[in-house]
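Chemist: Sharing work_27.cif below, mmCIF, C-alpha atoms and all ligand atoms:
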```
data_structure
#
loop_
_atom_site.label_atom_id
_atom_site.label_comp_id
_atom_site.auth_asym_id
_atom_site.auth_seq_id
_atom_site.Cartn_x
_atom_site.Cartn_y
_atom_site.Cartn_z
CA MET A 538 41.46 27.55 1.75
CA LYS A 539 39.36 26.62 4.78
CA VAL A 540 39.63 23.52 6.95
CA LEU A 541 36.84 22.57 9.34
CA VAL A 542 37.98 20.43 12.27
CA THR A 543 35.47 18.96 14.70
CA GLY A 544 35.87 17.47 18.21
CA PHE A 545 33.30 15.54 20.24
CA GLU A 546 32.04 16.55 23.67
CA PRO A 547 32.91 14.11 26.52
CA PHE A 548 30.85 10.93 26.72
CA GLY A 549 30.51 7.80 28.83
CA LYS A 550 32.30 8.11 32.16
CA GLU A 551 34.89 10.61 30.94
CA LYS A 552 34.91 14.25 32.07
CA ILE A 553 36.92 15.46 29.11
CA ASN A 554 37.32 14.44 25.51
CA PRO A 555 40.96 14.66 24.33
CA ALA A 556 39.72 15.09 20.76
CA LEU A 557 37.89 18.31 21.64
CA GLU A 558 40.70 19.57 23.88
CA ALA A 559 43.27 19.06 21.12
CA VAL A 560 41.05 20.63 18.44
CA LYS A 561 40.60 23.73 20.64
CA ARG A 562 44.40 24.07 20.98
CA MET A 563 45.16 23.75 17.25
CA LYS A 564 46.69 26.62 15.29
CA ASP A 565 44.22 29.07 13.74
CA LYS A 566 46.12 29.17 10.43
CA ILE A 567 48.05 26.34 8.79
CA GLN A 568 49.85 26.84 5.46
CA GLY A 569 47.71 29.93 4.91
CA ALA A 570 44.48 27.96 5.45
CA GLU A 571 41.92 29.15 7.96
CA ILE A 572 41.15 26.53 10.62
CA ILE A 573 37.52 26.49 11.78
CA LYS A 574 36.95 24.55 15.02
CA LEU A 575 33.62 23.02 15.91
CA GLU A 576 32.38 21.14 18.97
CA VAL A 577 29.91 18.38 18.10
CA PRO A 578 27.51 16.58 20.45
CA THR A 579 28.16 12.88 21.11
CA VAL A 580 24.65 12.14 19.94
CA PHE A 581 23.39 10.09 16.99
CA ASN A 582 21.82 12.19 14.20
CA LYS A 583 22.32 15.49 16.04
CA SER A 584 26.09 15.30 15.44
CA ILE A 585 25.54 15.05 11.68
CA LYS A 586 23.03 17.93 11.72
CA VAL A 587 25.47 20.19 13.59
CA LEU A 588 28.23 19.26 11.12
CA ASP A 589 26.01 19.85 8.06
CA LYS A 590 24.99 23.28 9.37
CA SER A 591 28.60 24.28 9.88
CA ILE A 592 29.64 23.04 6.42
CA LYS A 593 26.82 25.11 4.91
CA GLU A 594 27.87 28.17 6.89
CA HIS A 595 31.64 28.00 6.34
CA THR A 596 31.99 26.18 2.98
CA PRO A 597 35.27 24.45 3.92
CA ASP A 598 37.55 22.72 1.40
CA ILE A 599 38.56 20.00 3.86
CA VAL A 600 36.66 18.53 6.84
CA ILE A 601 38.42 16.44 9.50
CA CYS A 602 36.39 14.99 12.36
CA VAL A 603 38.22 13.89 15.49
CA GLY A 604 37.11 11.54 18.27
CA GLN A 605 38.45 9.69 21.30
CA ALA A 606 39.36 6.02 21.01
CA GLY A 607 40.20 5.02 24.59
CA GLY A 608 42.52 2.02 24.62
CA ARG A 609 44.30 2.82 21.34
CA SER A 610 47.93 3.90 21.66
CA ASN A 611 48.43 5.90 18.44
CA LEU A 612 46.73 8.54 16.39
CA THR A 613 44.65 6.43 14.04
CA ILE A 614 43.60 7.66 10.62
CA GLU A 615 40.33 5.97 9.72
CA ARG A 616 39.97 4.40 6.29
CA VAL A 617 36.24 3.69 6.16
CA GLY A 618 32.85 4.64 7.61
CA ILE A 619 30.09 1.99 7.54
CA ASN A 620 26.32 2.35 7.33
CA ILE A 621 25.49 0.94 10.75
CA ASP A 622 24.75 2.22 14.25
CA ASP A 623 25.25 -0.39 16.98
CA ALA A 624 25.75 1.37 20.31
CA ARG A 625 27.37 -0.46 23.25
CA ILE A 626 26.45 2.45 25.55
CA PRO A 627 23.79 5.17 25.22
CA ASP A 628 24.84 8.45 23.61
CA ASN A 629 24.66 11.74 25.54
CA ASP A 630 20.92 12.03 24.86
CA GLY A 631 20.20 8.44 25.94
CA ASN A 632 19.81 6.97 22.43
CA GLN A 633 21.11 3.45 21.94
CA PRO A 634 20.39 2.31 18.37
CA ILE A 635 21.09 -1.32 17.53
CA ASP A 636 21.82 -2.44 13.97
CA LYS A 637 20.22 0.63 12.38
CA GLU A 638 21.39 2.28 9.17
CA VAL A 639 22.91 5.76 9.45
CA PHE A 640 21.15 6.71 6.18
CA LYS A 641 18.67 4.40 4.44
CA ASP A 642 19.62 5.71 1.00
CA GLY A 643 23.39 5.59 1.56
CA GLU A 644 26.02 3.13 0.34
CA ASN A 645 27.06 0.31 2.68
CA ALA A 646 30.32 2.16 3.30
CA TYR A 647 32.31 5.20 2.22
CA PHE A 648 36.08 5.53 2.17
CA SER A 649 37.87 8.55 3.60
CA SER A 650 38.88 11.00 0.89
CA LEU A 651 41.83 12.27 2.92
CA PRO A 652 45.35 11.15 1.86
CA ILE A 653 45.44 8.68 4.77
CA LYS A 654 48.77 7.00 3.97
CA ALA A 655 50.53 10.30 3.34
CA ILE A 656 49.14 11.58 6.65
CA VAL A 657 50.54 8.59 8.57
CA ASN A 658 53.87 9.07 6.78
CA GLU A 659 54.10 12.75 7.73
CA LEU A 660 53.15 12.00 11.35
CA ILE A 661 55.85 9.33 11.64
CA LYS A 662 58.37 11.77 10.13
CA GLU A 663 57.44 14.17 12.96
CA LYS A 664 57.93 11.29 15.44
CA ILE A 665 54.24 11.11 16.33
CA PRO A 666 52.97 7.51 16.61
CA ALA A 667 50.27 6.94 14.00
CA GLU A 668 48.71 4.24 11.86
CA ILE A 669 45.81 3.49 9.57
CA SER A 670 42.69 2.07 11.22
CA ASN A 671 40.27 -0.08 9.27
CA THR A 672 37.37 0.40 11.66
CA ALA A 673 35.97 3.47 13.37
CA GLY A 674 33.67 1.22 15.43
CA THR A 675 29.87 1.35 15.32
CA TYR A 676 29.19 4.19 17.77
CA VAL A 677 28.87 7.95 17.25
CA CYS A 678 32.33 8.37 15.69
CA ASN A 679 31.66 5.94 12.86
CA HIS A 680 28.19 7.51 12.58
CA LEU A 681 29.66 10.99 12.07
CA MET A 682 32.38 9.77 9.73
CA TYR A 683 29.80 7.94 7.62
CA GLY A 684 27.50 10.98 7.80
CA LEU A 685 30.24 13.33 6.62
CA LEU A 686 31.14 11.10 3.68
CA TYR A 687 27.44 10.65 2.83
CA LEU A 688 26.98 14.44 2.79
CA ILE A 689 30.07 14.82 0.61
CA ASP A 690 28.73 12.18 -1.79
CA LYS A 691 25.24 13.69 -1.93
CA LYS A 692 25.84 17.42 -1.87
CA TYR A 693 29.39 18.62 -1.17
CA LYS A 694 31.29 16.82 -3.95
CA ASN A 695 34.37 19.04 -3.80
CA ILE A 696 35.11 18.61 -0.11
CA LYS A 697 37.81 16.21 1.08
CA GLY A 698 36.87 14.58 4.36
CA GLY A 699 37.74 11.95 6.88
CA PHE A 700 38.13 10.95 10.50
CA VAL A 701 40.90 10.65 13.07
CA HIS A 702 40.76 8.85 16.43
CA VAL A 703 43.01 9.91 19.30
CA PRO A 704 43.99 8.01 22.48
CA PHE A 705 43.24 9.00 26.05
CA ILE A 706 45.50 11.66 27.56
CA GLN A 707 47.50 11.18 30.77
CA GLU A 708 44.95 12.56 33.24
CA GLN A 709 42.31 10.12 31.97
CA VAL A 710 44.35 6.99 32.69
CA LEU A 711 45.45 7.75 36.27
CA ASP A 712 42.65 5.48 37.48
CA LYS A 713 42.97 2.91 34.67
CA LYS A 714 45.44 0.03 34.68
CA ASN A 715 47.62 -0.75 31.66
CA THR A 716 45.86 1.78 29.44
CA PRO A 717 47.83 3.67 26.80
CA SER A 718 47.79 7.46 26.59
CA MET A 719 49.47 10.32 24.77
CA PHE A 720 50.31 13.87 25.87
CA LEU A 721 47.68 16.43 24.87
CA ASP A 722 50.41 18.61 23.31
CA GLU A 723 51.52 15.72 21.13
CA ILE A 724 47.97 15.03 19.96
CA THR A 725 47.51 18.73 19.18
CA ARG A 726 50.79 18.84 17.24
CA GLY A 727 49.61 15.71 15.41
CA LEU A 728 46.34 17.34 14.35
CA ASN A 729 48.26 20.31 12.95
CA VAL A 730 50.45 17.89 10.96
CA ILE A 731 47.34 16.05 9.70
CA VAL A 732 45.86 19.30 8.36
CA LYS A 733 49.17 20.23 6.73
CA ALA A 734 49.41 16.83 5.01
CA SER A 735 45.76 16.99 3.89
CA ILE A 736 46.48 20.33 2.21
CA LYS A 737 49.78 19.19 0.70
CA TYR A 738 48.71 15.88 -0.83
CA ASP A 739 46.04 16.02 -3.51
CA LYS A 740 46.44 12.29 -4.11
CA ASP A 741 47.42 9.65 -1.60
CA ILE A 742 50.77 7.85 -1.79
CA LYS A 743 51.04 4.13 -2.47
CA VAL A 744 52.66 2.58 0.60
CA THR A 745 51.34 -0.23 2.72
CA GLY A 746 49.25 0.58 5.75
CA GLY A 747 47.39 -2.70 5.91
CA THR A 748 47.23 -5.37 8.55
CA THR A 749 46.92 -9.13 8.70
CA CYS A 750 44.37 -10.57 11.08
N1 LIG B 1 34.46 8.78 20.54
C1 LIG B 1 33.29 7.94 20.38
C2 LIG B 1 32.16 8.90 20.15
C3 LIG B 1 32.65 10.24 20.58
C4 LIG B 1 34.12 10.09 20.69
O1 LIG B 1 34.93 10.99 20.92
C5 LIG B 1 33.47 6.86 19.31
O2 LIG B 1 34.61 6.44 19.06
O3 LIG B 1 32.47 6.43 18.72
#
```
What is this file in structure tokens?
Modeler:
Amino acid sequence: MKVLVTGFEPFGKEKINPALEAVKRMKDKIQGAEIIKLEVPTVFNKSIKVLDKSIKEHTPDIVICVGQAGGRSNLTIERVGINIDDARIPDNDGNQPIDKEVFKDGENAYFSSLPIKAIVNELIKEKIPAEISNTAGTYVCNHLMYGLLYLIDKKYKNIKGGFVHVPFIQEQVLDKKNTPSMFLDEITRGLNVIVKASIKYDKDIKVTGGTTC
């Protein structure tokens, strides 16, 4: 069994990306599965190309992409990727698409094929704050999540895939008021738990993870 885990390079005003830092620190083997770690550019289109190349090269069974969601306080397991790019800030190559499809021939949206509820459950059991998220935004993270699920739908049918957002870490919020953060070690431990749960659960469990408005 092989699990590919990706982390984005820093973007915006940040010097580090906690997603990438945590991915780098993950275990190399989990439950006998080989963990392949990949850095992806925070760039529209290019991020999907880099991911596709790595999937082709490594033929993983599971793919988990990880990104920073500054301002969130928990690990958030994304439920859905949508077919839209609407960038509030330029990406690392200066692209700023507005209301553009990720793929013209794709569905409006794709759901994560990871056992998202079981993952949240296992994280909570390990005392790591986590919840389901029903939006990955409309920037490069949603773009890559949608791109991954599009690729799975079109040509990698047997892969299970999805996306996880992580909060800022301590050193990023020293100059920000009232902004939540987690310890890098806790995020890293969380990613290891997420991989373990993704291997363990073939089907998701039926518990609520929804929200009211
Ligand atoms: N977070 C951004 C893109 C890269 C990252 O780590 C996002 O949430 O879209």
Chemist: Which residues of range 555-622 of chain A come within 10 Å of range 690-697 of chain A, and for each one, what is the closest pair of atoms and their distance in Å to one decimal, counting all atoms listed in the file, sorted by chain and residue number, as a tab-separated table?
Modeler:
```
residue	atom	partner	partner_atom	distance
A:Asp589	CA	A:Tyr693	CA	9.9
A:Ile592	CA	A:Tyr693	CA	8.8
A:Lys593	CA	A:Tyr693	CA	9.3
A:Thr596	CA	A:Ile696	CA	8.8
A:Pro597	CA	A:Ile696	CA	7.1
A:Asp598	CA	A:Ile696	CA	5.0
A:Ile599	CA	A:Lys697	CA	4.8
A:Val600	CA	A:Lys697	CA	6.3
A:Ile601	CA	A:Lys697	CA	8.4
```
Chemist: What does the distance between CA of Asn554 in chain A and CA of Ile706 in chain A come to in Å, to one decimal place?
Modeler: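 Value for the CA of Asn554 in chain A-CA of Ile706 in chain A distance: 8.9 Å.
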Chemist: Mind listing whatever residues come within 9 Å of the point (24.8, -1.2, 24.0)? Use all atoms listed in the file, file coordinates, and give them as a VMD selection string.
Modeler: chain A and resid 623 to 627 633 to 635
Chemist: Using C-alpha atoms, can you export the residues from the last selection as a compact mmCIF listing (two decimals), in the frame of the given file?
Modeler:
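selection.txt was written with the following content:
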```
# COMPACT_ATOMS: atom_id res chain seq x y z
CA ASP A 623 25.25 -0.39 16.98
CA ALA A 624 25.75 1.37 20.31
CA ARG A 625 27.37 -0.46 23.25
CA ILE A 626 26.45 2.45 25.55
CA PRO A 627 23.79 5.17 25.22
CA GLN A 633 21.11 3.45 21.94
CA PRO A 634 20.39 2.31 18.37
CA ILE A 635 21.09 -1.32 17.53
```
Chemist: What is the CA of Phe548 in chain A to CA of Asn620 in chain A distance in Å?
Modeler: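 Value for the CA of Phe548 in chain A-CA of Asn620 in chain A distance: 21.7 Å.
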Chemist: Pick out the residues no farther than 10 Å from ligand LIG 1 (chain B), counting only C-alpha atoms and all ligand atoms, and list them as an MDAnalysis selection string.
Modeler: chainID A and resid 544:549 553:557 577:581 584 602:607 622 624:626 628:629 672:682 701:705
Chemist: Only C-alpha atoms, please: the residues just picked out, written as a short mmCIF file (atom, residue, chain, number, x, y, z; two decimals), in the coordinates of the input.
Modeler:
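again.cif written:
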```cif
data_model
loop_
_atom_site.label_atom_id
_atom_site.label_comp_id
_atom_site.auth_asym_id
_atom_site.auth_seq_id
_atom_site.Cartn_x
_atom_site.Cartn_y
_atom_site.Cartn_z
CA GLY A 544 35.87 17.47 18.21
CA PHE A 545 33.30 15.54 20.24
CA GLU A 546 32.04 16.55 23.67
CA PRO A 547 32.91 14.11 26.52
CA PHE A 548 30.85 10.93 26.72
CA GLY A 549 30.51 7.80 28.83
CA ILE A 553 36.92 15.46 29.11
CA ASN A 554 37.32 14.44 25.51
CA PRO A 555 40.96 14.66 24.33
CA ALA A 556 39.72 15.09 20.76
CA LEU A 557 37.89 18.31 21.64
CA VAL A 577 29.91 18.38 18.10
CA PRO A 578 27.51 16.58 20.45
CA THR A 579 28.16 12.88 21.11
CA VAL A 580 24.65 12.14 19.94
CA PHE A 581 23.39 10.09 16.99
CA SER A 584 26.09 15.30 15.44
CA CYS A 602 36.39 14.99 12.36
CA VAL A 603 38.22 13.89 15.49
CA GLY A 604 37.11 11.54 18.27
CA GLN A 605 38.45 9.69 21.30
CA ALA A 606 39.36 6.02 21.01
CA GLY A 607 40.20 5.02 24.59
CA ASP A 622 24.75 2.22 14.25
CA ALA A 624 25.75 1.37 20.31
CA ARG A 625 27.37 -0.46 23.25
CA ILE A 626 26.45 2.45 25.55
CA ASP A 628 24.84 8.45 23.61
CA ASN A 629 24.66 11.74 25.54
CA THR A 672 37.37 0.40 11.66
CA ALA A 673 35.97 3.47 13.37
CA GLY A 674 33.67 1.22 15.43
CA THR A 675 29.87 1.35 15.32
CA TYR A 676 29.19 4.19 17.77
CA VAL A 677 28.87 7.95 17.25
CA CYS A 678 32.33 8.37 15.69
CA ASN A 679 31.66 5.94 12.86
CA HIS A 680 28.19 7.51 12.58
CA LEU A 681 29.66 10.99 12.07
CA MET A 682 32.38 9.77 9.73
CA VAL A 701 40.90 10.65 13.07
CA HIS A 702 40.76 8.85 16.43
CA VAL A 703 43.01 9.91 19.30
CA PRO A 704 43.99 8.01 22.48
CA PHE A 705 43.24 9.00 26.05
#
```
Chemist: To one decimal in Å, tell me the separation between CA of Tyr647 in chain A and CA of Ser670 in chain A.
Modeler: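 Distance reported for this atom pair: 14.1 Å.
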Chemist: Given only C-alpha atoms, how would the per-residue table for range 611-699 of chain A near range 728-733 of chain A read, listing every residue at most 8 Å away with its closest atom pair and distance in Å to one decimal, sorted by chain and number, as JSON lines?
Modeler:
```
{"residue": "A:Ile656", "atom": "CA", "partner": "A:Ile731", "partner_atom": "CA", "distance": 5.7}
{"residue": "A:Glu659", "atom": "CA", "partner": "A:Val730", "partner_atom": "CA", "distance": 7.1}
{"residue": "A:Leu660", "atom": "CA", "partner": "A:Val730", "partner_atom": "CA", "distance": 6.5}
```
Chemist: Of the residues A:Val657, A:Ile724, A:Val710, A:Met538, which is the one nearest to Ala570 in chain A, using only C-alpha atoms?
Modeler: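 Closest to Ala570 in chain A of all the choices is A:Met538.
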Chemist: Can you work out which one of A:Lys662, A:Lys550, A:Arg726, A:Lys539 has the shortest atom-to-atom distance to Ile572 in chain A, counting all atoms listed in the file?
Modeler: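 Of the candidates, the smallest distance to Ile572 in chain A is held by A:Lys539.
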Chemist: Which is closer to Ile736 in chain A than all the others in A:Ala655, A:Ile689, A:Met719, A:Leu588, using only C-alpha atoms?
Modeler: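 The closest residue to Ile736 in chain A is A:Ala655.
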Chemist: Could you check which of A:Lys740, A:Val540, A:Lys583, A:Lys552 is closest to His595 in chain A, using only C-alpha atoms?
Modeler: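 Nearest candidate to His595 in chain A out of A:Lys740, A:Val540, A:Lys583, A:Lys552: A:Val540.
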Chemist: With distances taken over all atoms listed in the file, which residue among A:Ile742, A:Ile585, A:Leu721, A:Cys750 lies nearest Glu558 in chain A?
Modeler: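 Among the listed residues, the smallest separation from Glu558 in chain A belongs to A:Leu721.
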Chemist: Counting all atoms listed in the file, which residue out of A:Lys737, A:Lys713, A:Arg616, A:Lys743 sits closest to Gln568 in chain A?
Modeler: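 Checking each candidate against Gln568 in chain A, we get A:Lys737 as the closest.
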